[in-house]
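Undergrad: Mind looking over this structure? Questions follow.
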Amino acid sequence: MSKRGINTEPDRHGYFGPYGGMYVPETLMAPLHELAAAYQRIRKDGAFKRELHAHLRDYVGRPTPLYLAERMTREIGCGALYLKREDLCHTGAHKINNSLGQALLARRMGKKRVIAETGAGQHGVATATVAAMFGMECVIYMGAVDMERQALNVFRMRSLGAEVIAVTAGQQTLKEAISEAMRDWVTNVRTTHYILGSALGAHPYPRMVRDFQSVIGRETRRQIKRLTGALPTALIACVGGGSNSIGLFHPFINDPSVRMIGVEAGGDGIRKGRHAARFAGGKVGILQGTKTFVLQDRHGQIQLTHSVSAGLDYAAIGPEHSLLRDLGRVEYAHVSDREAVDAFDTLGRWEGILPALETAHAVAYVIKQAGRWKKRDVLVINLSGRGDKDVQQVAAWKEGQRR
Ligand SMILES: *Cc1c(COP(=O)(O)O)cnc(C)c1O
């Protein structure tokens, strides 16, 4: 870290250090440059900021609370554990912060149709929701396997007026859904904006999504200072593509006293095809527009991934995370399916809050470290989403263990 701290802005080609960029076919270059230019114009525009802020407040329900989890604090033996309650956002997860920002941008760009990919379904629901509110046509691409795992969210999207298209290529999960959405975008770019759901993909998405999610960290910073008079000791968040984590971390990146821990999906073990922990088993490569850590074999073939949580089940991680890892600014860990499912139950019993299975990975990490936390430690877990969508998945997982 230099004296001036870490530079978190990508260069004009979208690179965070050696990571990021725009690795897309020629046909996507013009739309991406158009988007980057439009975003660059509005990001400092006062009217846009006010419009976004009003919707975040009155529609999403921000600011979300920073909740002192007293029982969990006692159980794990730290000074104080706070939960940043993104699960209380309208639609039940942080995803809507980004969908709303991008939908407003799309409207400014004169686009009347939005498309999105979705894994767990949370991003699809968030996008379908804001599209309904703004009266935009909405198409969601979803892997057929994920549609089965997350049937409730498919029903929600359709009820909100979105068309949900099943993607049956390859592993039939998030990666294939992103490819289909990109194909649609190339064809319909004149009328259509592609609302990418995580801090992933080609420039300008990783930076734009991070900016829209940074409202989480900005609020947390204000709230924790008011509650404790100081900055927290550590921030903990689960990392799929990396948007809820970077949203929490970003406003603290240049506060060296604040530890940051990103928790990936360890699946049922760090063996080929059985997990989605990119920093445990991945190498630098290129996937879907960006250069970053990717789970791949010796020949650069993308590996199969596995996680009990659909939202963490992806072979690449957002490029800014790769830089933060190289710099040693953020620590990355992973927990297993079993530990995540246990944490899902435990948080329910300790605090009366069922976390999303994705979020349960962050909770599990903190529980695993119980006994190592000190009395002076003030921890913040980003409670990225609620667990209602996952109750069937948890029941099926437990059933599978018995057999
Ligand atoms: C989608 C999702 C995630 C993972 O995505 P990130 O971009 O890494 O935040 C985590 N938690 C919940 C609740 C989600 O819906």
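Each chain in the structure tokens gets a letter, A, B, ..., in the order shown, and its residues are numbered from 1; ligands are numbered from 1 in order too.
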Looking only at the backbone, which of the residues in stretch 3-82 of chain A does DSSP tag as alpha helix (DSSP H), as a PyMOL selection string?
TA: chain A and resi 26-42+46-55+70-76
Undergrad: Do you know which residues are at most 7 Å from stretch 379-395 of chain A counting only C-alpha atoms, after dropping those on the same chain fewer than 3 positions away, and could you put them as a PyMOL selection string?
TA: chain A and resi 80-87+92-94+149-150+152+232-237+244+341+354-357+359+362+398-399
Undergrad: Using only C-alpha atoms, which residues sit within 7 Å of stretch 124-129 of chain A once same-chain residues fewer than 6 positions away are excluded, as a PyMOL selection string?
TA: chain A and resi 91+95-96+99+116-118+138+140+153+156-157+160+162
Undergrad: Which residue is closest to A:Lys175? Choose from A:Cys78, A:Ile317, A:Leu347, A:Leu327 and count only C-alpha atoms.
TA: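 That would be A:Ile317, the residue with the smallest distance to A:Lys175.
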Undergrad: Could you give me, as a count of residues only, each residue of stretch 82-230 of chain A that DSSP assigns to strand (DSSP E or B) when run on this structure's backbone?
TA: 25
Undergrad: Excluding stretch 278-280 of chain A and its own-chain neighbours fewer than 4 positions away, which residues fall within 9 Å of it when counting only C-alpha atoms? Please give them as JSON, numbers by chain.
TA: {"A": [264, 265, 266, 270, 293, 294, 295, 314, 315, 316, 317, 322, 325, 332, 333, 334]}
Undergrad: Between A:Glu51, A:Glu351, A:Glu339, A:Glu148, which residue has the minimum interatomic distance to A:Ile367, considering only C-alpha atoms?
TA: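 Of A:Glu51, A:Glu351, A:Glu339, A:Glu148, the one nearest A:Ile367 is A:Glu339, counting only C-alpha atoms.
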Undergrad: Could you check which of A:Val258, A:Leu32, A:Ile76, A:Met133 is closest to A:Trp373, using only C-alpha atoms?
TA: A:Ile76
Undergrad: Applying 8 Å and only C-alpha atoms, which residues near A:Ala340 remain after dropping the ones on its own chain fewer than 5 positions away? List them as a list of chain:residue names.
TA: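 Within the cut-off, the hits are A:Val335, A:Leu357, A:Glu358, A:Ala360, A:His361, A:Val363, A:Ala364.
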Undergrad: For ligand 1, which residue out of A:Leu100, A:Ala199, A:Ala396, A:Leu56 is the nearest one, using only C-alpha atoms and all ligand atoms?
TA: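 Among A:Leu100, A:Ala199, A:Ala396, A:Leu56, it is A:Ala199 that comes nearest to ligand 1.
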Undergrad: Any idea what's packed within 9 Å of stretch 202-214 of chain A, counting only C-alpha atoms, ignoring anything in its chain fewer than 4 positions away? Could you give it as a PDB file with N, CA, C and O atoms, in the first residue's frame?
TA:
ATOM      1  N   THR A   8      -8.470   2.505  -6.086  1.00  0.00           N
ATOM      2  CA  THR A   8      -9.563   1.577  -6.362  1.00  0.00           C
ATOM      3  C   THR A   8     -10.255   1.869  -7.684  1.00  0.00           C
ATOM      4  O   THR A   8     -11.209   1.183  -8.031  1.00  0.00           O
ATOM      5  N   GLU A   9      -9.783   2.881  -8.398  1.00  0.00           N
ATOM      6  CA  GLU A   9     -10.403   3.162  -9.698  1.00  0.00           C
ATOM      7  C   GLU A   9      -9.689   2.388 -10.791  1.00  0.00           C
ATOM      8  O   GLU A   9      -8.464   2.390 -10.866  1.00  0.00           O
ATOM      9  N   PRO A  10     -10.431   1.730 -11.651  1.00  0.00           N
ATOM     10  CA  PRO A  10      -9.795   1.050 -12.779  1.00  0.00           C
ATOM     11  C   PRO A  10      -9.258   2.087 -13.763  1.00  0.00           C
ATOM     12  O   PRO A  10      -9.718   3.233 -13.774  1.00  0.00           O
ATOM     13  N   ARG A  12      -8.529   3.464 -17.810  1.00  0.00           N
ATOM     14  CA  ARG A  12      -9.622   3.703 -18.764  1.00  0.00           C
ATOM     15  C   ARG A  12      -9.949   2.487 -19.610  1.00  0.00           C
ATOM     16  O   ARG A  12     -10.970   2.456 -20.288  1.00  0.00           O
ATOM     17  N   HIS A  13      -9.109   1.453 -19.543  1.00  0.00           N
ATOM     18  CA  HIS A  13      -9.465   0.195 -20.204  1.00  0.00           C
ATOM     19  C   HIS A  13     -10.120  -0.786 -19.230  1.00  0.00           C
ATOM     20  O   HIS A  13     -10.378  -1.935 -19.576  1.00  0.00           O
ATOM     21  N   GLY A  14     -10.341  -0.316 -17.999  1.00  0.00           N
ATOM     22  CA  GLY A  14     -11.059  -1.153 -17.041  1.00  0.00           C
ATOM     23  C   GLY A  14     -10.182  -2.093 -16.244  1.00  0.00           C
ATOM     24  O   GLY A  14     -10.675  -3.087 -15.711  1.00  0.00           O
ATOM     25  N   TYR A  15      -8.892  -1.784 -16.124  1.00  0.00           N
ATOM     26  CA  TYR A  15      -7.996  -2.663 -15.358  1.00  0.00           C
ATOM     27  C   TYR A  15      -7.825  -2.197 -13.924  1.00  0.00           C
ATOM     28  O   TYR A  15      -7.535  -1.029 -13.665  1.00  0.00           O
ATOM     29  N   GLY A  20      -9.148  -7.461 -14.841  1.00  0.00           N
ATOM     30  CA  GLY A  20     -10.298  -6.733 -15.384  1.00  0.00           C
ATOM     31  C   GLY A  20     -10.219  -6.659 -16.896  1.00  0.00           C
ATOM     32  O   GLY A  20      -9.933  -7.657 -17.566  1.00  0.00           O
ATOM     33  N   GLY A  21     -10.467  -5.466 -17.440  1.00  0.00           N
ATOM     34  CA  GLY A  21     -10.376  -5.278 -18.888  1.00  0.00           C
ATOM     35  C   GLY A  21     -11.695  -5.545 -19.602  1.00  0.00           C
ATOM     36  O   GLY A  21     -12.762  -5.600 -18.974  1.00  0.00           O
ATOM     37  N   MET A  22     -11.590  -5.670 -20.911  1.00  0.00           N
ATOM     38  CA  MET A  22     -12.785  -5.861 -21.757  1.00  0.00           C
ATOM     39  C   MET A  22     -12.508  -6.982 -22.756  1.00  0.00           C
ATOM     40  O   MET A  22     -12.205  -6.726 -23.912  1.00  0.00           O
ATOM     41  N   TYR A  23     -12.592  -8.208 -22.327  1.00  0.00           N
ATOM     42  CA  TYR A  23     -12.291  -9.354 -23.196  1.00  0.00           C
ATOM     43  C   TYR A  23     -13.581  -9.864 -23.828  1.00  0.00           C
ATOM     44  O   TYR A  23     -14.144 -10.870 -23.399  1.00  0.00           O
ATOM     45  N   VAL A  24     -14.062  -9.104 -24.807  1.00  0.00           N
ATOM     46  CA  VAL A  24     -15.340  -9.455 -25.432  1.00  0.00           C
ATOM     47  C   VAL A  24     -15.190  -9.427 -26.954  1.00  0.00           C
ATOM     48  O   VAL A  24     -14.265  -8.809 -27.482  1.00  0.00           O
ATOM     49  N   LEU A  32     -20.373  -1.558 -24.863  1.00  0.00           N
ATOM     50  CA  LEU A  32     -19.695  -1.383 -23.574  1.00  0.00           C
ATOM     51  C   LEU A  32     -19.117   0.023 -23.443  1.00  0.00           C
ATOM     52  O   LEU A  32     -19.193   0.639 -22.378  1.00  0.00           O
ATOM     53  N   HIS A  33     -18.564   0.532 -24.554  1.00  0.00           N
ATOM     54  CA  HIS A  33     -18.029   1.897 -24.504  1.00  0.00           C
ATOM     55  C   HIS A  33     -19.149   2.916 -24.322  1.00  0.00           C
ATOM     56  O   HIS A  33     -18.995   3.893 -23.587  1.00  0.00           O
ATOM     57  N   LEU A  35     -21.936   2.368 -22.774  1.00  0.00           N
ATOM     58  CA  LEU A  35     -22.355   2.244 -21.374  1.00  0.00           C
ATOM     59  C   LEU A  35     -21.359   2.924 -20.443  1.00  0.00           C
ATOM     60  O   LEU A  35     -21.751   3.667 -19.527  1.00  0.00           O
ATOM     61  N   ALA A  36     -20.076   2.683 -20.679  1.00  0.00           N
ATOM     62  CA  ALA A  36     -19.043   3.286 -19.827  1.00  0.00           C
ATOM     63  C   ALA A  36     -19.138   4.812 -19.870  1.00  0.00           C
ATOM     64  O   ALA A  36     -19.045   5.482 -18.840  1.00  0.00           O
ATOM     65  N   TYR A  39     -22.299   5.985 -18.027  1.00  0.00           N
ATOM     66  CA  TYR A  39     -22.135   5.871 -16.583  1.00  0.00           C
ATOM     67  C   TYR A  39     -21.194   6.954 -16.046  1.00  0.00           C
ATOM     68  O   TYR A  39     -21.457   7.576 -15.013  1.00  0.00           O
ATOM     69  N   ARG A  43     -22.533   9.459 -13.078  1.00  0.00           N
ATOM     70  CA  ARG A  43     -22.142   9.079 -11.716  1.00  0.00           C
ATOM     71  C   ARG A  43     -21.906  10.285 -10.817  1.00  0.00           C
ATOM     72  O   ARG A  43     -22.024  10.193  -9.596  1.00  0.00           O
ATOM     73  N   HIS A  94     -29.279  -7.768  -1.150  1.00  0.00           N
ATOM     74  CA  HIS A  94     -28.602  -6.542  -1.592  1.00  0.00           C
ATOM     75  C   HIS A  94     -28.743  -6.300  -3.087  1.00  0.00           C
ATOM     76  O   HIS A  94     -28.493  -5.194  -3.550  1.00  0.00           O
ATOM     77  N   LYS A  95     -29.104  -7.300  -3.854  1.00  0.00           N
ATOM     78  CA  LYS A  95     -29.067  -7.195  -5.321  1.00  0.00           C
ATOM     79  C   LYS A  95     -29.830  -5.974  -5.856  1.00  0.00           C
ATOM     80  O   LYS A  95     -29.461  -5.399  -6.869  1.00  0.00           O
ATOM     81  N   ASN A  97     -29.978  -2.984  -4.855  1.00  0.00           N
ATOM     82  CA  ASN A  97     -29.219  -1.720  -4.886  1.00  0.00           C
ATOM     83  C   ASN A  97     -28.639  -1.489  -6.279  1.00  0.00           C
ATOM     84  O   ASN A  97     -28.660  -0.373  -6.812  1.00  0.00           O
ATOM     85  N   ASN A  98     -28.118  -2.563  -6.856  1.00  0.00           N
ATOM     86  CA  ASN A  98     -27.502  -2.502  -8.178  1.00  0.00           C
ATOM     87  C   ASN A  98     -28.549  -2.477  -9.295  1.00  0.00           C
ATOM     88  O   ASN A  98     -28.447  -1.674 -10.231  1.00  0.00           O
ATOM     89  N   SER A  99     -29.563  -3.329  -9.189  1.00  0.00           N
ATOM     90  CA  SER A  99     -30.594  -3.367 -10.241  1.00  0.00           C
ATOM     91  C   SER A  99     -31.256  -2.000 -10.391  1.00  0.00           C
ATOM     92  O   SER A  99     -31.512  -1.538 -11.506  1.00  0.00           O
ATOM     93  N   LEU A 100     -31.536  -1.379  -9.257  1.00  0.00           N
ATOM     94  CA  LEU A 100     -32.177  -0.072  -9.282  1.00  0.00           C
ATOM     95  C   LEU A 100     -31.272   0.971  -9.943  1.00  0.00           C
ATOM     96  O   LEU A 100     -31.719   1.720 -10.824  1.00  0.00           O
ATOM     97  N   GLY A 101     -30.017   0.997  -9.544  1.00  0.00           N
ATOM     98  CA  GLY A 101     -29.080   1.952 -10.136  1.00  0.00           C
ATOM     99  C   GLY A 101     -28.966   1.774 -11.640  1.00  0.00           C
ATOM    100  O   GLY A 101     -29.042   2.743 -12.405  1.00  0.00           O
ATOM    101  N   GLN A 102     -28.828   0.526 -12.070  1.00  0.00           N
ATOM    102  CA  GLN A 102     -28.672   0.274 -13.515  1.00  0.00           C
ATOM    103  C   GLN A 102     -29.972   0.537 -14.279  1.00  0.00           C
ATOM    104  O   GLN A 102     -29.931   0.981 -15.434  1.00  0.00           O
ATOM    105  N   ILE A 195     -28.527  -5.675 -17.413  1.00  0.00           N
ATOM    106  CA  ILE A 195     -28.243  -5.421 -15.995  1.00  0.00           C
ATOM    107  C   ILE A 195     -27.475  -6.607 -15.428  1.00  0.00           C
ATOM    108  O   ILE A 195     -28.067  -7.588 -14.980  1.00  0.00           O
ATOM    109  N   LEU A 196     -26.148  -6.549 -15.479  1.00  0.00           N
ATOM    110  CA  LEU A 196     -25.315  -7.615 -14.920  1.00  0.00           C
ATOM    111  C   LEU A 196     -25.398  -7.540 -13.391  1.00  0.00           C
ATOM    112  O   LEU A 196     -25.404  -6.452 -12.828  1.00  0.00           O
ATOM    113  N   GLY A 197     -25.453  -8.719 -12.743  1.00  0.00           N
ATOM    114  CA  GLY A 197     -25.819  -8.750 -11.331  1.00  0.00           C
ATOM    115  C   GLY A 197     -24.708  -8.779 -10.312  1.00  0.00           C
ATOM    116  O   GLY A 197     -24.971  -8.772  -9.114  1.00  0.00           O
ATOM    117  N   SER A 198     -23.445  -8.821 -10.756  1.00  0.00           N
ATOM    118  CA  SER A 198     -22.373  -8.816  -9.759  1.00  0.00           C
ATOM    119  C   SER A 198     -21.194  -7.994 -10.268  1.00  0.00           C
ATOM    120  O   SER A 198     -21.224  -7.515 -11.398  1.00  0.00           O
ATOM    121  N   ARG A 218     -20.967   2.608   2.929  1.00  0.00           N
ATOM    122  CA  ARG A 218     -21.090   4.009   3.378  1.00  0.00           C
ATOM    123  C   ARG A 218     -22.028   4.101   4.583  1.00  0.00           C
ATOM    124  O   ARG A 218     -21.730   4.786   5.567  1.00  0.00           O
ATOM    125  N   GLU A 219     -23.160   3.395   4.506  1.00  0.00           N
ATOM    126  CA  GLU A 219     -24.072   3.400   5.653  1.00  0.00           C
ATOM    127  C   GLU A 219     -23.419   2.754   6.874  1.00  0.00           C
ATOM    128  O   GLU A 219     -23.529   3.267   7.997  1.00  0.00           O
ATOM    129  N   GLY A 242     -18.850 -11.199  -6.087  1.00  0.00           N
ATOM    130  CA  GLY A 242     -18.125 -10.271  -5.234  1.00  0.00           C
ATOM    131  C   GLY A 242     -18.789  -8.925  -5.007  1.00  0.00           C
ATOM    132  O   GLY A 242     -18.124  -7.985  -4.574  1.00  0.00           O
ATOM    133  N   SER A 243     -20.098  -8.803  -5.265  1.00  0.00           N
ATOM    134  CA  SER A 243     -20.691  -7.467  -5.175  1.00  0.00           C
ATOM    135  C   SER A 243     -21.083  -7.046  -3.760  1.00  0.00           C
ATOM    136  O   SER A 243     -20.868  -5.904  -3.375  1.00  0.00           O
ATOM    137  N   ASN A 244     -21.656  -7.973  -2.963  1.00  0.00           N
ATOM    138  CA  ASN A 244     -22.028  -7.514  -1.610  1.00  0.00           C
ATOM    139  C   ASN A 244     -20.783  -7.256  -0.784  1.00  0.00           C
ATOM    140  O   ASN A 244     -20.735  -6.315   0.023  1.00  0.00           O
ATOM    141  N   SER A 245     -19.743  -8.069  -1.000  1.00  0.00           N
ATOM    142  CA  SER A 245     -18.505  -7.887  -0.235  1.00  0.00           C
ATOM    143  C   SER A 245     -17.802  -6.586  -0.640  1.00  0.00           C
ATOM    144  O   SER A 245     -17.441  -5.794   0.229  1.00  0.00           O
ATOM    145  N   ILE A 246     -17.638  -6.363  -1.946  1.00  0.00           N
ATOM    146  CA  ILE A 246     -16.924  -5.140  -2.339  1.00  0.00           C
ATOM    147  C   ILE A 246     -17.750  -3.904  -1.962  1.00  0.00           C
ATOM    148  O   ILE A 246     -17.198  -2.864  -1.622  1.00  0.00           O
ATOM    149  N   GLY A 247     -19.078  -4.044  -1.964  1.00  0.00           N
ATOM    150  CA  GLY A 247     -19.937  -2.933  -1.557  1.00  0.00           C
ATOM    151  C   GLY A 247     -19.721  -2.560  -0.098  1.00  0.00           C
ATOM    152  O   GLY A 247     -19.705  -1.386   0.267  1.00  0.00           O
ATOM    153  N   LEU A 248     -19.536  -3.571   0.753  1.00  0.00           N
ATOM    154  CA  LEU A 248     -19.242  -3.307   2.167  1.00  0.00           C
ATOM    155  C   LEU A 248     -17.807  -2.811   2.339  1.00  0.00           C
ATOM    156  O   LEU A 248     -17.546  -1.856   3.075  1.00  0.00           O
ATOM    157  N   PHE A 249     -16.857  -3.441   1.633  1.00  0.00           N
ATOM    158  CA  PHE A 249     -15.434  -3.144   1.863  1.00  0.00           C
ATOM    159  C   PHE A 249     -15.018  -1.774   1.311  1.00  0.00           C
ATOM    160  O   PHE A 249     -14.179  -1.093   1.912  1.00  0.00           O
ATOM    161  N   HIS A 250     -15.543  -1.429   0.146  1.00  0.00           N
ATOM    162  CA  HIS A 250     -14.996  -0.303  -0.620  1.00  0.00           C
ATOM    163  C   HIS A 250     -14.754   0.971   0.213  1.00  0.00           C
ATOM    164  O   HIS A 250     -13.658   1.542   0.168  1.00  0.00           O
ATOM    165  N   PRO A 251     -15.732   1.426   1.000  1.00  0.00           N
ATOM    166  CA  PRO A 251     -15.502   2.673   1.744  1.00  0.00           C
ATOM    167  C   PRO A 251     -14.494   2.545   2.889  1.00  0.00           C
ATOM    168  O   PRO A 251     -14.184   3.537   3.540  1.00  0.00           O
ATOM    169  N   GLN A 288     -15.787 -14.671 -19.440  1.00  0.00           N
ATOM    170  CA  GLN A 288     -16.911 -13.775 -19.660  1.00  0.00           C
ATOM    171  C   GLN A 288     -16.525 -12.304 -19.520  1.00  0.00           C
ATOM    172  O   GLN A 288     -17.129 -11.540 -18.788  1.00  0.00           O
ATOM    173  N   GLY A 289     -15.487 -11.938 -20.247  1.00  0.00           N
ATOM    174  CA  GLY A 289     -15.163 -10.524 -20.403  1.00  0.00           C
ATOM    175  C   GLY A 289     -14.104  -9.977 -19.493  1.00  0.00           C
ATOM    176  O   GLY A 289     -13.666  -8.844 -19.665  1.00  0.00           O
ATOM    177  N   THR A 290     -13.666 -10.773 -18.495  1.00  0.00           N
ATOM    178  CA  THR A 290     -12.739 -10.193 -17.531  1.00  0.00           C
ATOM    179  C   THR A 290     -11.593 -11.131 -17.203  1.00  0.00           C
ATOM    180  O   THR A 290     -11.748 -12.349 -17.237  1.00  0.00           O
ATOM    181  N   LYS A 291     -10.429 -10.530 -16.905  1.00  0.00           N
ATOM    182  CA  LYS A 291      -9.255 -11.293 -16.509  1.00  0.00           C
ATOM    183  C   LYS A 291      -9.197 -11.318 -14.990  1.00  0.00           C
ATOM    184  O   LYS A 291      -9.158 -10.262 -14.341  1.00  0.00           O
ATOM    185  N   GLY A 318     -14.894 -11.487  -9.144  1.00  0.00           N
ATOM    186  CA  GLY A 318     -14.761 -10.128  -9.663  1.00  0.00           C
ATOM    187  C   GLY A 318     -13.298  -9.679  -9.666  1.00  0.00           C
ATOM    188  O   GLY A 318     -12.548  -9.970  -8.728  1.00  0.00           O
ATOM    189  N   PRO A 319     -12.854  -8.983 -10.727  1.00  0.00           N
ATOM    190  CA  PRO A 319     -11.430  -8.668 -10.891  1.00  0.00           C
ATOM    191  C   PRO A 319     -10.842  -7.804  -9.783  1.00  0.00           C
ATOM    192  O   PRO A 319      -9.669  -7.952  -9.432  1.00  0.00           O
ATOM    193  N   GLU A 320     -11.638  -6.922  -9.201  1.00  0.00           N
ATOM    194  CA  GLU A 320     -11.088  -6.069  -8.137  1.00  0.00           C
ATOM    195  C   GLU A 320     -10.658  -6.918  -6.935  1.00  0.00           C
ATOM    196  O   GLU A 320      -9.688  -6.597  -6.242  1.00  0.00           O
TER     197      GLU A 320
END
Undergrad: Please compute the atom CA of A:Pro65-atom CA of A:Trp350 distance, one decimal, in Å.
TA: 18.1 Å
Undergrad: Env of A:His306: 8 Å cut, atoms = only C-alpha atoms, seq-sep filter 5 positions within chain, self excluded. Answer as a PDB file with N, CA and C atoms, in the first residue's frame.
TA:
ATOM      1  N   GLY A 267     -17.775 -25.753  -0.922  1.00  0.00           N
ATOM      2  CA  GLY A 267     -18.516 -26.918  -1.415  1.00  0.00           C
ATOM      3  C   GLY A 267     -18.344 -28.117  -0.508  1.00  0.00           C
ATOM      4  N   ASP A 268     -18.100 -29.290  -1.085  1.00  0.00           N
ATOM      5  CA  ASP A 268     -17.824 -30.422  -0.189  1.00  0.00           C
ATOM      6  C   ASP A 268     -16.349 -30.811  -0.181  1.00  0.00           C
ATOM      7  N   GLY A 273     -13.934 -29.622  -9.238  1.00  0.00           N
ATOM      8  CA  GLY A 273     -15.355 -29.750  -9.531  1.00  0.00           C
ATOM      9  C   GLY A 273     -16.272 -29.786  -8.321  1.00  0.00           C
ATOM     10  N   ARG A 274     -15.696 -29.757  -7.109  1.00  0.00           N
ATOM     11  CA  ARG A 274     -16.527 -29.939  -5.921  1.00  0.00           C
ATOM     12  C   ARG A 274     -16.656 -28.663  -5.087  1.00  0.00           C
ATOM     13  N   HIS A 275     -16.215 -27.530  -5.603  1.00  0.00           N
ATOM     14  CA  HIS A 275     -16.250 -26.296  -4.812  1.00  0.00           C
ATOM     15  C   HIS A 275     -16.301 -25.096  -5.755  1.00  0.00           C
ATOM     16  N   ALA A 276     -16.338 -23.885  -5.185  1.00  0.00           N
ATOM     17  CA  ALA A 276     -16.293 -22.665  -5.997  1.00  0.00           C
ATOM     18  C   ALA A 276     -15.394 -21.626  -5.333  1.00  0.00           C
ATOM     19  N   ASP A 313     -22.025 -20.139  -6.769  1.00  0.00           N
ATOM     20  CA  ASP A 313     -21.617 -21.256  -7.629  1.00  0.00           C
ATOM     21  C   ASP A 313     -21.155 -20.735  -8.988  1.00  0.00           C
TER      22      ASP A 313
END
Undergrad: Determine the nearest neighbour of ligand 1 from the options A:Val330, A:Leu88, A:Ala144, A:Leu227, counting only C-alpha atoms and all ligand atoms.
TA: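 Using only C-alpha atoms and all ligand atoms, ligand 1 sits closest to A:Leu88.
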Undergrad: Nearest to ligand 1 among A:Val378, A:Cys238, A:Ala230, A:Met136, with distances taken over only C-alpha atoms and all ligand atoms: which residue is it?
TA: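 Going through A:Val378, A:Cys238, A:Ala230, A:Met136 one by one, the smallest distance to ligand 1 is for A:Cys238.
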